[in-house]
$ cat start21.txt   # compact mmCIF, C-alpha atoms and all ligand atoms
# COMPACT_ATOMS: atom_id res chain seq x y z
CA MET A 1162 18.41 -7.61 -7.43
CA SER A 1163 14.72 -7.05 -6.44
CA SER A 1164 12.91 -3.73 -6.86
CA MET A 1165 12.99 -3.43 -3.08
CA ASP A 1166 16.79 -3.75 -3.13
CA ASP A 1167 16.97 -1.14 -5.90
CA ALA A 1168 14.85 1.28 -3.87
CA VAL A 1169 16.94 0.65 -0.74
CA ALA A 1170 20.14 1.28 -2.71
CA VAL A 1171 18.87 4.70 -3.82
CA VAL A 1172 17.95 5.69 -0.26
CA ARG A 1173 21.27 4.36 1.03
CA GLU A 1174 23.21 6.77 -1.15
CA SER A 1175 21.38 9.82 0.21
CA LEU A 1176 21.60 8.60 3.80
CA ARG A 1177 25.32 7.67 3.80
CA PRO A 1178 26.73 11.19 4.34
CA ARG A 1179 24.40 11.71 7.33
CA LEU A 1180 24.66 8.25 8.86
CA ALA A 1181 26.39 9.41 12.05
CA GLN A 1182 23.65 12.02 12.57
CA THR A 1183 20.74 9.66 11.94
CA LEU A 1184 17.90 8.88 14.32
CA LEU A 1185 16.59 5.37 13.76
CA ALA A 1186 13.11 5.09 15.32
CA LEU A 1187 11.09 1.89 15.01
CA ASP A 1188 7.67 0.71 16.00
CA PHE A 1189 7.58 -2.67 17.79
CA ASP A 1190 4.55 -4.82 16.81
CA GLY A 1191 4.46 -5.57 13.11
CA VAL A 1192 7.84 -3.93 12.49
CA LEU A 1193 10.30 -5.68 14.80
CA ALA A 1194 7.89 -8.39 15.99
CA PRO A 1195 5.68 -10.43 13.65
CA ILE A 1196 1.96 -10.08 14.41
CA VAL A 1197 0.58 -12.98 16.47
CA GLU A 1198 -2.84 -13.88 17.87
CA ARG A 1199 -2.21 -12.84 21.48
CA PRO A 1200 -0.29 -9.66 22.45
CA GLN A 1201 1.61 -11.46 25.23
CA ASP A 1202 3.03 -13.96 22.70
CA ALA A 1203 4.70 -11.34 20.49
CA ARG A 1204 8.50 -11.55 20.23
CA ALA A 1205 10.99 -9.60 18.17
CA LEU A 1206 12.25 -11.49 15.17
CA PRO A 1207 15.43 -13.45 16.02
CA GLY A 1208 18.50 -11.32 15.41
CA THR A 1209 16.77 -8.02 16.23
CA ALA A 1210 18.82 -7.14 19.33
CA GLU A 1211 22.06 -8.11 17.56
CA LEU A 1212 21.18 -5.97 14.54
CA LEU A 1213 20.30 -2.92 16.65
CA THR A 1214 23.49 -3.44 18.65
CA GLN A 1215 25.51 -3.33 15.42
CA ILE A 1216 23.67 -0.25 14.16
CA SER A 1217 23.83 1.70 17.43
CA PRO A 1218 27.48 2.95 17.23
CA ARG A 1219 27.03 3.99 13.60
CA VAL A 1220 24.07 6.34 14.10
CA ALA A 1221 23.17 9.16 16.51
CA GLN A 1222 20.34 7.31 18.26
CA VAL A 1223 18.37 4.07 18.04
CA ALA A 1224 14.86 4.24 19.51
CA ILE A 1225 11.70 2.16 19.75
CA VAL A 1226 8.48 4.19 19.66
CA THR A 1227 5.59 1.96 20.62
CA GLY A 1228 2.04 1.82 21.91
CA ARG A 1229 3.20 -0.86 24.34
CA PRO A 1230 4.43 -0.05 27.82
CA ALA A 1231 8.17 0.60 27.35
CA SER A 1232 9.22 -2.24 29.67
CA ASP A 1233 7.04 -4.72 27.75
CA ALA A 1234 8.73 -3.81 24.47
CA VAL A 1235 12.16 -4.17 26.09
CA GLN A 1236 11.27 -7.55 27.53
CA LEU A 1237 9.38 -8.99 24.53
CA GLY A 1238 12.06 -7.68 22.21
CA GLY A 1239 14.99 -8.98 24.29
CA LEU A 1240 16.35 -5.44 23.91
CA ALA A 1241 17.66 -4.67 27.42
CA ASP A 1242 21.32 -4.85 26.37
CA VAL A 1243 21.19 -2.83 23.15
CA PRO A 1244 23.67 0.00 23.87
CA GLY A 1245 22.17 3.49 24.13
CA LEU A 1246 18.67 2.31 23.23
CA VAL A 1247 15.76 4.59 24.13
CA VAL A 1248 12.26 3.10 24.26
CA CYS A 1249 9.34 5.54 24.17
CA GLY A 1250 6.37 3.55 25.47
CA HIS A 1251 2.64 4.37 25.51
CA TYR A 1252 3.09 6.55 22.40
CA GLY A 1253 5.72 8.60 24.20
CA LEU A 1254 4.02 8.93 27.57
CA GLU A 1255 6.88 7.01 29.18
CA ARG A 1256 10.52 6.41 28.43
CA TRP A 1257 12.96 3.61 29.18
CA MET A 1258 16.72 4.01 28.89
CA GLY A 1259 19.57 1.95 30.32
CA GLY A 1260 17.21 0.00 32.60
CA ARG A 1261 15.56 3.14 34.02
CA LEU A 1262 11.90 3.87 33.40
CA GLU A 1263 10.33 7.32 33.54
CA THR A 1264 6.58 6.90 33.80
CA PRO A 1265 3.70 9.16 34.89
CA SER A 1266 1.41 8.47 37.83
CA SER A 1267 -1.79 6.53 37.23
CA ASP A 1268 -4.84 8.17 35.70
CA SER A 1269 -8.33 7.72 37.20
CA ALA A 1270 -9.87 8.01 33.71
CA VAL A 1271 -8.00 4.84 32.70
CA ASP A 1272 -9.27 3.14 35.87
CA GLU A 1273 -12.87 3.90 34.83
CA ALA A 1274 -12.23 2.80 31.24
CA ARG A 1275 -10.74 -0.48 32.47
CA VAL A 1276 -13.96 -1.41 34.27
CA ARG A 1277 -16.18 -0.46 31.34
CA VAL A 1278 -14.05 -2.21 28.71
CA ALA A 1279 -14.02 -5.36 30.86
CA GLU A 1280 -17.85 -5.31 30.77
CA LEU A 1281 -17.86 -5.03 26.96
CA VAL A 1282 -15.38 -7.88 26.58
CA ALA A 1283 -17.30 -10.14 28.98
CA GLN A 1284 -20.31 -9.98 26.64
CA ARG A 1285 -18.34 -10.67 23.43
CA PRO A 1286 -16.69 -14.08 23.00
CA GLY A 1287 -13.25 -13.97 21.43
CA THR A 1288 -12.58 -10.35 22.33
CA ALA A 1289 -9.91 -9.61 24.94
CA ILE A 1290 -8.81 -6.75 27.14
CA GLU A 1291 -5.14 -5.79 27.31
CA ASP A 1292 -4.56 -3.80 30.48
CA LYS A 1293 -1.43 -1.76 29.87
CA GLY A 1294 -1.58 0.26 33.08
CA HIS A 1295 -1.62 3.72 31.50
CA SER A 1296 -4.07 2.59 28.82
CA VAL A 1297 -6.58 -0.14 28.06
CA ALA A 1298 -6.91 -1.93 24.73
CA VAL A 1299 -9.68 -4.17 23.45
CA HIS A 1300 -8.56 -6.76 20.88
CA THR A 1301 -10.81 -8.57 18.39
CA ARG A 1302 -8.27 -10.69 16.47
CA ARG A 1303 -9.55 -13.89 18.08
CA ALA A 1304 -13.25 -13.08 17.69
CA PRO A 1305 -15.24 -15.23 15.19
CA ASP A 1306 -15.40 -12.21 12.83
CA PRO A 1307 -12.60 -9.84 13.94
CA ALA A 1308 -13.50 -6.98 11.57
CA ALA A 1309 -17.22 -7.06 12.43
CA SER A 1310 -16.41 -7.25 16.10
CA LEU A 1311 -14.18 -4.18 15.82
CA GLU A 1312 -16.98 -2.23 14.13
CA ASP A 1313 -19.47 -3.34 16.80
CA LEU A 1314 -17.14 -2.10 19.54
CA ARG A 1315 -16.07 1.14 17.88
CA PRO A 1316 -19.05 3.34 18.98
CA LEU A 1317 -19.08 1.78 22.45
CA VAL A 1318 -15.40 2.47 22.97
CA SER A 1319 -15.87 6.00 21.60
CA ALA A 1320 -18.62 6.57 24.17
CA ILE A 1321 -16.22 5.54 26.95
CA ALA A 1322 -13.65 7.96 25.52
CA GLU A 1323 -16.17 10.76 25.52
CA ASP A 1324 -17.21 10.11 29.12
CA THR A 1325 -13.66 9.75 30.46
CA GLY A 1326 -11.78 12.30 28.34
CA LEU A 1327 -9.48 9.61 26.98
CA GLN A 1328 -8.73 9.24 23.28
CA VAL A 1329 -9.29 6.22 21.07
CA THR A 1330 -6.37 4.96 19.01
CA PRO A 1331 -7.36 2.29 16.48
CA GLY A 1332 -4.93 -0.34 15.25
CA ARG A 1333 -4.77 -3.82 13.81
CA PHE A 1334 -7.93 -5.42 15.26
CA VAL A 1335 -7.55 -3.27 18.36
CA LEU A 1336 -9.10 -0.14 19.86
CA GLU A 1337 -7.09 1.53 22.56
CA LEU A 1338 -8.23 4.03 25.19
CA ARG A 1339 -5.39 6.22 26.36
CA PRO A 1340 -4.69 9.66 27.81
CA ARG A 1341 -4.55 12.61 25.43
CA GLY A 1342 -1.35 14.53 24.81
CA ALA A 1343 1.23 11.95 23.82
CA ASP A 1344 1.64 10.67 20.27
CA LYS A 1345 4.43 9.14 18.24
CA GLY A 1346 4.92 12.40 16.33
CA VAL A 1347 5.76 14.32 19.49
CA ALA A 1348 8.08 11.50 20.56
CA VAL A 1349 9.95 11.44 17.22
CA ARG A 1350 10.39 15.22 17.17
CA GLN A 1351 11.79 15.15 20.70
CA LEU A 1352 14.16 12.26 19.94
CA ALA A 1353 15.39 13.99 16.77
CA ALA A 1354 16.06 17.23 18.66
CA GLU A 1355 17.88 15.45 21.49
CA ALA A 1356 20.04 13.51 19.03
CA GLY A 1357 20.84 16.59 16.93
CA ALA A 1358 19.66 14.48 14.01
CA ALA A 1359 20.20 15.45 10.38
CA ALA A 1360 18.25 12.40 9.20
CA VAL A 1361 15.43 10.27 10.57
CA VAL A 1362 14.66 6.71 9.52
CA TYR A 1363 11.24 5.65 10.83
CA GLY A 1364 9.70 2.19 10.50
CA GLY A 1365 5.97 1.68 11.08
CA ASP A 1366 3.01 -0.47 10.09
CA ASP A 1367 -0.11 0.84 11.83
CA LEU A 1368 -2.40 3.85 12.15
CA GLY A 1369 -0.72 4.88 15.42
CA ASP A 1370 2.42 5.52 13.34
CA LEU A 1371 0.84 8.21 11.16
CA PRO A 1372 1.68 11.10 13.55
CA ALA A 1373 5.33 9.97 13.48
CA ILE A 1374 5.30 9.93 9.70
CA GLU A 1375 3.76 13.42 9.63
CA ALA A 1376 6.46 14.59 12.04
CA VAL A 1377 9.21 13.19 9.82
CA ARG A 1378 7.72 14.94 6.79
CA ALA A 1379 7.55 18.21 8.73
CA LEU A 1380 11.20 17.80 9.78
CA GLU A 1381 12.09 17.28 6.11
CA ALA A 1382 10.54 20.64 5.31
CA ASP A 1383 13.10 22.07 7.79
CA GLY A 1384 15.99 20.45 5.87
CA MET A 1385 16.25 17.06 7.54
CA LEU A 1386 16.43 13.87 5.48
CA GLY A 1387 13.46 11.58 6.22
CA VAL A 1388 13.11 7.93 5.31
CA ILE A 1389 9.84 6.15 6.04
CA ILE A 1390 9.83 2.36 5.94
CA CYS A 1391 6.45 0.61 5.82
CA SER A 1392 6.49 -2.94 7.14
CA ASP A 1393 3.89 -4.31 4.78
CA GLY A 1394 1.36 -7.12 5.12
CA THR A 1395 -2.28 -7.87 4.32
CA GLU A 1396 -3.61 -5.81 7.25
CA VAL A 1397 -1.53 -2.71 6.66
CA ALA A 1398 -3.57 0.44 5.96
CA THR A 1399 -3.19 2.03 2.53
CA GLU A 1400 -2.22 5.40 4.08
CA LEU A 1401 0.86 3.79 5.59
CA ARG A 1402 1.95 2.22 2.33
CA GLU A 1403 1.34 5.42 0.39
CA ALA A 1404 3.26 7.54 2.89
CA ALA A 1405 6.36 5.35 2.77
CA ASP A 1406 9.62 5.74 0.86
CA LEU A 1407 10.30 2.03 1.17
CA VAL A 1408 7.66 -0.69 1.40
CA VAL A 1409 9.17 -3.94 2.64
CA PRO A 1410 7.66 -7.34 3.43
CA GLY A 1411 7.10 -7.42 7.21
CA PRO A 1412 9.74 -7.62 9.96
CA GLU A 1413 12.04 -9.77 7.77
CA GLY A 1414 11.98 -7.03 5.15
CA VAL A 1415 12.63 -4.38 7.81
CA GLN A 1416 15.72 -6.25 9.03
CA ARG A 1417 17.00 -6.58 5.47
CA ALA A 1418 16.43 -2.89 4.72
CA LEU A 1419 18.09 -1.76 7.97
CA ARG A 1420 21.14 -3.93 7.29
CA SER A 1421 21.52 -2.43 3.88
CA LEU A 1422 20.83 1.18 4.92
CA LEU A 1423 22.69 1.42 8.19
CA LEU A 1424 25.53 -1.16 8.28
O1 LIG A 1501 3.04 0.75 18.44
P1 LIG A 1501 3.20 -0.72 18.31
O2 LIG A 1501 4.48 -1.23 18.85
O3 LIG A 1501 2.98 -1.21 16.91
O4 LIG A 1501 2.02 -1.35 19.17
C1 LIG A 1501 0.68 -1.27 18.69
C2 LIG A 1501 -0.17 -2.29 19.40
O5 LIG A 1501 0.44 -3.55 19.13
C3 LIG A 1501 -0.04 -4.71 19.82
O6 LIG A 1501 -1.18 -5.19 19.16
C4 LIG A 1501 -0.91 -5.68 17.85
O7 LIG A 1501 0.00 -6.78 17.93
C5 LIG A 1501 -0.52 -7.96 18.61
C6 LIG A 1501 0.59 -8.99 18.71
O8 LIG A 1501 1.09 -9.31 17.45
C7 LIG A 1501 -1.75 -8.47 17.84
O9 LIG A 1501 -2.29 -9.62 18.50
C8 LIG A 1501 -2.79 -7.37 17.77
O10 LIG A 1501 -3.87 -7.79 16.96
C9 LIG A 1501 -2.19 -6.09 17.16
O11 LIG A 1501 -3.11 -5.01 17.20
C10 LIG A 1501 -0.26 -4.46 21.29
O12 LIG A 1501 -0.95 -5.54 21.85
C11 LIG A 1501 -0.94 -3.16 21.58
O13 LIG A 1501 -0.93 -2.90 22.96
C12 LIG A 1501 -0.18 -2.03 20.90
O14 LIG A 1501 -0.75 -0.78 21.17
$ encode --input "start21.txt" --output "structure tokens"
Amino acid sequence: MSSMDDAVAVVRESLRPRLAQTLLALDFDGVLAPIVERPQDARALPGTAELLTQISPRVAQVAIVTGRPASDAVQLGGLADVPGLVVCGHYGLERWMGGRLETPSSDSAVDEARVRVAELVAQRPGTAIEDKGHSVAVHTRRAPDPAASLEDLRPLVSAIAEDTGLQVTPGRFVLELRPRGADKGVAVRQLAAEAGAAAVVYGGDDLGDLPAIEAVRALEADGMLGVIICSDGTEVATELREAADLVVPGPEGVQRALRSLLL
């Protein structure tokens, strides 16, 4: 048995009595879907929908909490038929459930940001804009020096945020401009309340997941059981790893941990 399996076995024992009152909330990219060069090429690891379908009747709620538009996560994940699944997209700004999408109206600040980010990208080979409708992301993964490119763009993207009132959310070779107000912490708290959860299992891998982790820790202070799974890899920030109860090797490790914890 590996040390990961040992750690999972310990968590499993504490989770078992609360399984039926557990909220399982998972990030998409890097947790369910391996990281790839182009956002549009991301796909959930084979077996993801089947695994979530098996878990769903055993827990109170299965949810995806993602920076992606909710419909993109559903489509790229092949998740449309997972029973009872809730997908909180755009860090909780929108919600998909049973084929129905609740989404806000468009924001003129994002329209302005879209134009300005497109200008930045046009001058920087290898960078790319991801227009997500309610937010705009600039990716540097395919730039000649992705880390340097991200640092070059950081103050320019911050200036756009300042002018438009949007906020910047950094991630894995990405800077995202999005409306203030929503974050994954708010989304997790709301999901936990709606599900009447006595336990929350949250899986993340990126800086945008930190508010969700903080929310889980705050819920623990109120008596809930919290389990944080970090989907690890070379790009994963130290804060994520340090905040986790279980550190597992990427989406394959997440699948293995979920099978052991929740089936
Ligand atoms: O909250 P998440 O579900 O983790 O989404 C966060 C961002 O993930 C995506 O970007 C990341 O994955 C891409 C595909 O593997 C990769 O090319 C990129 O470098 C990563 O940053 C997505 O494109 C963003 O919109 C999400 O906000």
$ closest_residue --input "start21.txt" --among "A:Glu1323, A:Asp1233, A:Asp1272, A:Asp1167" --to "A:Arg1256" --atoms "all atoms listed in the file"
A:Asp1233
$ closest_atom_pairs --input "start21.txt" --of "chain A" --to "ligand LIG 1501 (chain A)" --cutoff "8 Å" --atoms "all atoms listed in the file" --output "tab-separated table"
residue	atom	partner	partner_atom	distance
A:Asp1188	CA	A:LIG1501	O2	4.7
A:Phe1189	CA	A:LIG1501	O2	3.6
A:Asp1190	CA	A:LIG1501	O3	3.9
A:Gly1191	CA	A:LIG1501	O3	6.0
A:Val1192	CA	A:LIG1501	O3	7.1
A:Ala1194	CA	A:LIG1501	O8	7.0
A:Pro1195	CA	A:LIG1501	O8	6.1
A:Ile1196	CA	A:LIG1501	O8	3.3
A:Val1197	CA	A:LIG1501	O8	3.8
A:Glu1198	CA	A:LIG1501	O9	4.3
A:Arg1199	CA	A:LIG1501	O9	4.4
A:Pro1200	CA	A:LIG1501	C6	3.9
A:Gln1201	CA	A:LIG1501	C6	7.0
A:Asp1202	CA	A:LIG1501	C6	6.8
A:Ala1203	CA	A:LIG1501	C6	5.1
A:Val1226	CA	A:LIG1501	O1	6.6
A:Thr1227	CA	A:LIG1501	O1	3.6
A:Gly1228	CA	A:LIG1501	O1	3.8
A:Arg1229	CA	A:LIG1501	O13	4.8
A:Pro1230	CA	A:LIG1501	O13	7.8
A:Ala1234	CA	A:LIG1501	O2	7.5
A:His1251	CA	A:LIG1501	O14	7.5
A:Tyr1252	CA	A:LIG1501	O1	7.0
A:Glu1291	CA	A:LIG1501	O13	6.7
A:Lys1293	CA	A:LIG1501	O13	7.0
A:Ala1298	CA	A:LIG1501	O13	6.3
A:His1300	CA	A:LIG1501	O10	6.2
A:Thr1301	CA	A:LIG1501	O10	7.1
A:Arg1302	CA	A:LIG1501	O10	5.3
A:Gly1332	CA	A:LIG1501	O11	5.4
A:Arg1333	CA	A:LIG1501	O11	4.0
A:Phe1334	CA	A:LIG1501	O10	5.0
A:Val1335	CA	A:LIG1501	O11	4.9
A:Glu1337	CA	A:LIG1501	O14	6.9
A:Gly1365	CA	A:LIG1501	O3	7.2
A:Asp1366	CA	A:LIG1501	O3	6.9
A:Asp1367	CA	A:LIG1501	O3	6.3
A:Gly1369	CA	A:LIG1501	O1	6.3
A:Asp1370	CA	A:LIG1501	O1	7.0
$ atom_distance --input "start21.txt" --atom1 "atom CA of A:Arg1261" --atom2 "atom CA of A:Ser1232"
9.4 Å
$ closest_residue --input "start21.txt" --among "A:Gln1416, A:Leu1338, A:Glu1355, A:Met1258" --to "A:Ile1290" --atoms "only C-alpha atoms"
A:Leu1338
$ closest_residue --input "start21.txt" --among "A:Pro1331, A:Gly1250, A:Gly1326, A:Pro1412" --to "A:Leu1311" --atoms "only C-alpha atoms"
A:Pro1331
$ closest_residue --input "start21.txt" --among "A:Ala1376, A:Leu1193, A:Val1329, A:Val1223" --to "A:Ala1348" --atoms "all atoms listed in the file"
A:Ala1376
$ closest_residue --input "start21.txt" --among "A:Gln1328, A:Gln1236, A:Ser1310, A:Ser1217" --to "A:Gln1182" --atoms "only C-alpha atoms"
A:Ser1217
$ closest_residue --input "start21.txt" --among "A:Ile1390, A:Leu1380, A:Ala1359, A:Leu1240" --to "A:Gly1346" --atoms "only C-alpha atoms"
A:Leu1380
$ atom_distance --input "start21.txt" --atom1 "atom CA of A:Ala1279" --atom2 "atom CA of A:Gly1342"
24.3 Å
$ residues_around --input "start21.txt" --residues "A:Pro1305" --least-positions-apart "6" --cutoff "10 Å" --atoms "only C-alpha atoms" --output "PyMOL selection string"
chain A and resi 1285-1288
$ atom_distance --input "start21.txt" --atom1 "atom CA of A:Asp1268" --atom2 "atom CA of A:Thr1325"
10.4 Å
$ build_atoms --input "start21.txt" --residues "stretch 1172-1198 of chain A" --atoms "N, CA and C atoms" --output "CSV table (one decimal), in the frame of the given file"
chain,number,residue,atom,x,y,z
A,1172,VAL,N,18.0,5.0,-1.6
A,1172,VAL,CA,18.0,5.7,-0.3
A,1172,VAL,C,19.3,5.6,0.5
A,1173,ARG,N,20.0,4.5,0.3
A,1173,ARG,CA,21.3,4.4,1.0
A,1173,ARG,C,22.3,5.5,0.6
A,1174,GLU,N,22.3,5.8,-0.7
A,1174,GLU,CA,23.2,6.8,-1.2
A,1174,GLU,C,23.0,8.1,-0.5
A,1175,SER,N,21.7,8.5,-0.4
A,1175,SER,CA,21.4,9.8,0.2
A,1175,SER,C,21.6,9.8,1.7
A,1176,LEU,N,21.4,8.7,2.3
A,1176,LEU,CA,21.6,8.6,3.8
A,1176,LEU,C,23.1,8.6,4.2
A,1177,ARG,N,23.9,7.9,3.4
A,1177,ARG,CA,25.3,7.7,3.8
A,1177,ARG,C,26.0,8.9,4.4
A,1178,PRO,N,26.0,10.1,3.8
A,1178,PRO,CA,26.7,11.2,4.3
A,1178,PRO,C,26.2,11.6,5.7
A,1179,ARG,N,25.0,11.3,6.1
A,1179,ARG,CA,24.4,11.7,7.3
A,1179,ARG,C,24.3,10.6,8.3
A,1180,LEU,N,24.9,9.4,8.0
A,1180,LEU,CA,24.7,8.2,8.9
A,1180,LEU,C,24.9,8.5,10.4
A,1181,ALA,N,26.0,9.2,10.7
A,1181,ALA,CA,26.4,9.4,12.0
A,1181,ALA,C,25.4,10.4,12.8
A,1182,GLN,N,24.6,11.1,12.0
A,1182,GLN,CA,23.6,12.0,12.6
A,1182,GLN,C,22.2,11.5,12.3
A,1183,THR,N,22.1,10.2,12.2
A,1183,THR,CA,20.7,9.7,11.9
A,1183,THR,C,20.1,9.2,13.2
A,1184,LEU,N,18.8,9.5,13.3
A,1184,LEU,CA,17.9,8.9,14.3
A,1184,LEU,C,17.2,7.7,13.7
A,1185,LEU,N,17.4,6.5,14.2
A,1185,LEU,CA,16.6,5.4,13.8
A,1185,LEU,C,15.5,5.1,14.8
A,1186,ALA,N,14.2,5.3,14.4
A,1186,ALA,CA,13.1,5.1,15.3
A,1186,ALA,C,12.2,4.0,14.7
A,1187,LEU,N,11.9,3.0,15.5
A,1187,LEU,CA,11.1,1.9,15.0
A,1187,LEU,C,9.9,1.6,15.9
A,1188,ASP,N,8.8,1.2,15.3
A,1188,ASP,CA,7.7,0.7,16.0
A,1188,ASP,C,8.0,-0.7,16.4
A,1189,PHE,N,7.3,-1.3,17.3
A,1189,PHE,CA,7.6,-2.7,17.8
A,1189,PHE,C,6.7,-3.7,17.1
A,1190,ASP,N,5.4,-3.8,17.4
A,1190,ASP,CA,4.6,-4.8,16.8
A,1190,ASP,C,4.4,-4.6,15.3
A,1191,GLY,N,4.6,-5.6,14.6
A,1191,GLY,CA,4.5,-5.6,13.1
A,1191,GLY,C,5.7,-5.1,12.4
A,1192,VAL,N,6.6,-4.5,13.1
A,1192,VAL,CA,7.8,-3.9,12.5
A,1192,VAL,C,9.1,-4.7,13.0
A,1193,LEU,N,9.2,-4.8,14.3
A,1193,LEU,CA,10.3,-5.7,14.8
A,1193,LEU,C,9.8,-7.1,15.2
A,1194,ALA,N,8.5,-7.1,15.6
A,1194,ALA,CA,7.9,-8.4,16.0
A,1194,ALA,C,6.8,-8.8,15.0
A,1195,PRO,N,6.8,-10.0,14.5
A,1195,PRO,CA,5.7,-10.4,13.6
A,1195,PRO,C,4.4,-10.4,14.4
A,1196,ILE,N,3.3,-10.1,13.8
A,1196,ILE,CA,2.0,-10.1,14.4
A,1196,ILE,C,1.5,-11.5,14.8
A,1197,VAL,N,1.1,-11.7,16.0
A,1197,VAL,CA,0.6,-13.0,16.5
A,1197,VAL,C,-0.8,-12.8,17.1
A,1198,GLU,N,-1.5,-13.9,17.4
A,1198,GLU,CA,-2.8,-13.9,17.9
A,1198,GLU,C,-3.0,-13.2,19.2
